[in-house]
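*Asks:* Take this structure first; my questions come after.
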Amino acid sequence: MAGEIPDLEALERTGTGKGAARQARRDGMVPGIVFGGDVDPLPINLPFNKLLKMLRAGRFKSTLFNMKVDGHDDVRVICRDVQRDVVKDLPTHVDFMRLKRTTKINLFIGVDVDGEDVSPGLKKGGVLTLVRPEVELVVTAGDIPESITIDVSEVEIGDSITISSVKLPEGSKPTIDRDFVIANISAPSGLRSADDEASEEGDVEAGDVPATEQTEDA
């Protein structure tokens with residue numbers, strides 16, 4: 001299971017309709033609704049400033065939250081829609097869906113690296129680059145992996161690790177159908193510079209030899 005599912009604290013909204021929503025906005029709140037899960041929809045209010053900060057941080061609609069509302073059991077939810085003001089582009093209403101354990105959702109899962117201490121490429125001075133520190137997977141809400149692991153114990157300089165070489169958790173699959181690079185090991189910048197200089201010198205030396213002399217030598 002995922003080690004850290006962030007809490008999302010909300011207040012139950014006592015009124016419904018446009019009047020109650022407008023009052024919530026005047027009070028510095030954003031009205032919302034929690035639906036699904038074979039129970040009645042729950043009208044809520046979220047603090048505007050906190051919600052705006054989370055939206056600007058990115059991936060709000062692909063993050064699983066543990067919603068906490070006083071007087072109600074905690075429930076896992078995922079955002080299904082954020083309505084915004086057409087002029088100011090600020091949130092005016094948020095829809096959340098309760099999740100069953102069997103619900104399939106898209107989440108970004110962090111990437112861990114194993115085998116760095118024995119990797120031949122890293123021992124030679126190679127540089128490990130995580131092209132994708134997170135990978136978006138389709139996962140089951142009741143069995144969310146904390147991370148996925150790539151193994152670099154046999155990776156040489158110039159090699160790449162793709163998603164097809166990673167053992168994914170049971171019931172998970174990438175949202176991208178094609179094979180894609182997660183990480184690679186490249187030569188250190190000093191070695192690359194030396195190789196480039198050697199290549200340039202070789203080109204100059206070959207160019208300095210007159211064509212007639214090359215023919216005679218042949």
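Here, A, B, ... name the chains of the structure tokens in the order displayed, residue numbers run from 1 inside each chain, and ligands are numbered from 1 in the same displayed order.
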Please produce, as a tab-separated table, a per-residue contact table for stretch 103-135 of chain A versus stretch 45-64 of chain A (criterion: any atom at most 10 Å away, only C-alpha atoms considered), showing the nearest atom pair and its distance in Å to one decimal, sorted by chain then residue number.
*Replies:*
```
residue	atom	partner	partner_atom	distance
A:Ile105	CA	A:Ser62	CA	8.1
A:Asn106	CA	A:Ser62	CA	6.1
A:Leu107	CA	A:Ser62	CA	5.3
A:Phe108	CA	A:Ser62	CA	7.1
A:Ile109	CA	A:Thr63	CA	9.9
```
*Asks:* Those residues you just picked out, can you put them in a file as a CSV table (one decimal), in the first residue's frame with N, CA, C and O atoms?
*Replies:*
```csv
chain,number,residue,atom,x,y,z
A,105,ILE,N,-7.9,3.4,-10.8
A,105,ILE,CA,-7.6,4.8,-10.9
A,105,ILE,C,-6.2,5.0,-11.4
A,105,ILE,O,-5.3,4.1,-11.4
A,106,ASN,N,-5.9,6.2,-12.0
A,106,ASN,CA,-4.6,6.6,-12.5
A,106,ASN,C,-3.9,7.4,-11.4
A,106,ASN,O,-4.4,8.4,-10.9
A,107,LEU,N,-2.7,6.9,-11.0
A,107,LEU,CA,-1.9,7.6,-10.0
A,107,LEU,C,-0.4,7.6,-10.4
A,107,LEU,O,0.1,6.7,-11.1
A,108,PHE,N,0.3,8.7,-10.0
A,108,PHE,CA,1.7,8.7,-10.3
A,108,PHE,C,2.4,8.1,-9.1
A,108,PHE,O,2.2,8.4,-7.9
A,109,ILE,N,3.2,7.1,-9.4
A,109,ILE,CA,3.9,6.3,-8.4
A,109,ILE,C,5.4,6.5,-8.5
A,109,ILE,O,6.0,6.5,-9.6
```
*Asks:* Can you list, as a PyMOL selection string, every residue of chain A that DSSP puts in strand (DSSP E)?
*Replies:* chain A and resi 7-12+29-35+42-47+64-69+75-84+91-98+104-114+127-130+134-140+148-151+160-162+173-174+181-186
*Asks:* Quick one: residues within 7 Å of stretch 67-75 of chain A, only C-alpha atoms, excluding same-chain residues fewer than 5 positions away - as a PyMOL selection string?
*Replies:* chain A and resi 7-12+98
*Asks:* Those residues with N, CA, C and O atoms, as a compact mmCIF listing (two decimals), in the first residue's frame please?
*Replies:*
```
# COMPACT_ATOMS: atom_id res chain seq x y z
N ASP A 7 -3.88 13.74 3.73
CA ASP A 7 -5.19 14.09 4.26
C ASP A 7 -5.73 15.33 3.54
O ASP A 7 -4.97 16.23 3.16
N LEU A 8 -7.03 15.35 3.37
CA LEU A 8 -7.71 16.52 2.82
C LEU A 8 -8.87 16.84 3.75
O LEU A 8 -9.86 16.12 3.79
N GLU A 9 -8.71 17.91 4.53
CA GLU A 9 -9.72 18.26 5.52
C GLU A 9 -10.77 19.17 4.91
O GLU A 9 -10.45 20.12 4.19
N ALA A 10 -12.03 18.87 5.19
CA ALA A 10 -13.15 19.65 4.65
C ALA A 10 -14.20 19.83 5.74
O ALA A 10 -14.21 19.13 6.75
N LEU A 11 -15.10 20.77 5.50
CA LEU A 11 -16.22 21.01 6.39
C LEU A 11 -17.51 20.61 5.69
O LEU A 11 -17.65 20.82 4.48
N GLU A 12 -18.43 20.03 6.45
CA GLU A 12 -19.71 19.70 5.86
C GLU A 12 -20.48 20.99 5.60
O GLU A 12 -20.57 21.87 6.47
N ARG A 98 -15.89 8.99 -4.07
CA ARG A 98 -15.46 7.97 -3.11
C ARG A 98 -14.99 6.73 -3.88
O ARG A 98 -15.55 6.40 -4.93
```
*Asks:* Could you check the closest approach to A:Glu4 for each of A:Gly126, A:Gly171, A:Pro133, A:Gly110 and tell me which residue wins, using only C-alpha atoms?
*Replies:* A:Gly110
*Asks:* Atom CA of A:Gly115 and atom CA of A:Asn184, how far apart in Å?
*Replies:* 13.5 Å
*Asks:* Please list as a list of chain:residue names every residue within 8 Å of A:Leu128, counting only C-alpha atoms and excluding residues in the same chain fewer than 3 positions away.
*Replies:*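 The neighbour list is A:Leu122, A:Ala183, A:Asn184, A:Ile185, A:Ser186.
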*Asks:* List every residue of stretch 81-152 of chain A that DSSP, applied to the backbone of this structure, places in alpha helix (DSSP H), and write the result as a ChimeraX atom specification.
*Replies:* /A:120-123
*Asks:* Limited to all heavy atoms, could you put the picked residues into a file as a compact mmCIF listing (two decimals), in the first residue's frame?
*Replies:*
```txt
# COMPACT_ATOMS: atom_id res chain seq x y z
N PRO A 120 28.04 -1.59 -12.76
CA PRO A 120 29.32 -1.38 -13.45
C PRO A 120 29.41 -0.01 -14.10
O PRO A 120 30.48 0.61 -14.13
CB PRO A 120 29.34 -2.50 -14.50
CG PRO A 120 27.92 -2.92 -14.67
CD PRO A 120 27.26 -2.71 -13.35
N GLY A 121 28.30 0.48 -14.62
CA GLY A 121 28.31 1.80 -15.24
C GLY A 121 28.60 2.91 -14.25
O GLY A 121 29.37 3.83 -14.53
N LEU A 122 28.01 2.82 -13.07
CA LEU A 122 28.24 3.84 -12.04
C LEU A 122 29.65 3.72 -11.45
O LEU A 122 30.28 4.72 -11.12
CB LEU A 122 27.19 3.71 -10.93
CG LEU A 122 25.75 4.02 -11.35
CD1 LEU A 122 24.79 3.85 -10.17
CD2 LEU A 122 25.65 5.44 -11.91
N LYS A 123 30.16 2.48 -11.35
CA LYS A 123 31.52 2.29 -10.84
C LYS A 123 32.55 2.92 -11.78
O LYS A 123 33.63 3.32 -11.34
CB LYS A 123 31.81 0.81 -10.65
CG LYS A 123 31.18 0.20 -9.40
CD LYS A 123 31.68 -1.21 -9.17
CE LYS A 123 31.20 -1.74 -7.84
NZ LYS A 123 31.73 -3.10 -7.56
```
*Asks:* List the neighbours of A:Val166 out to 10 Å using only C-alpha atoms; skip same-chain residues closer than 3 positions along the sequence, and give me the result as a list in words.
*Replies:*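 Listing them by chain and then by number gives Ile148, Thr149, Ile150, Asp151, Ile161, Thr162, Ile163, Pro169 and Ile182 of chain A.
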*Asks:* Can you pull out every residue within 7 Å of stretch 87-92 of chain A, counting only C-alpha atoms, but drop anything in the same chain fewer than 5 positions away, and send it as a PyMOL selection string?
*Replies:* chain A and resi 30-31+82
*Asks:* Residues at most 12 Å from A:Val118, counting only C-alpha atoms, excluding those fewer than 4 positions away in the same chain, as an NGL selection string?
*Replies:* :A and (113-114 or 122-124 or 151-156)
*Asks:* How far is it from atom CA of A:Asp95 to atom CA of A:Arg76, in Å with one decimal?
*Replies:*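 Those two atoms sit 13.3 Å apart.
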*Asks:* In Å, how far is it from atom CA of A:Val86 to atom CA of A:Gly17?
*Replies:* 20.1 Å
*Asks:* Quick one: of A:Ile144, A:Ile5, A:Val135, A:Leu168, who's nearest to A:Phe180, counting only C-alpha atoms?
*Replies:*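 Smallest distance to A:Phe180 is found for A:Val135.
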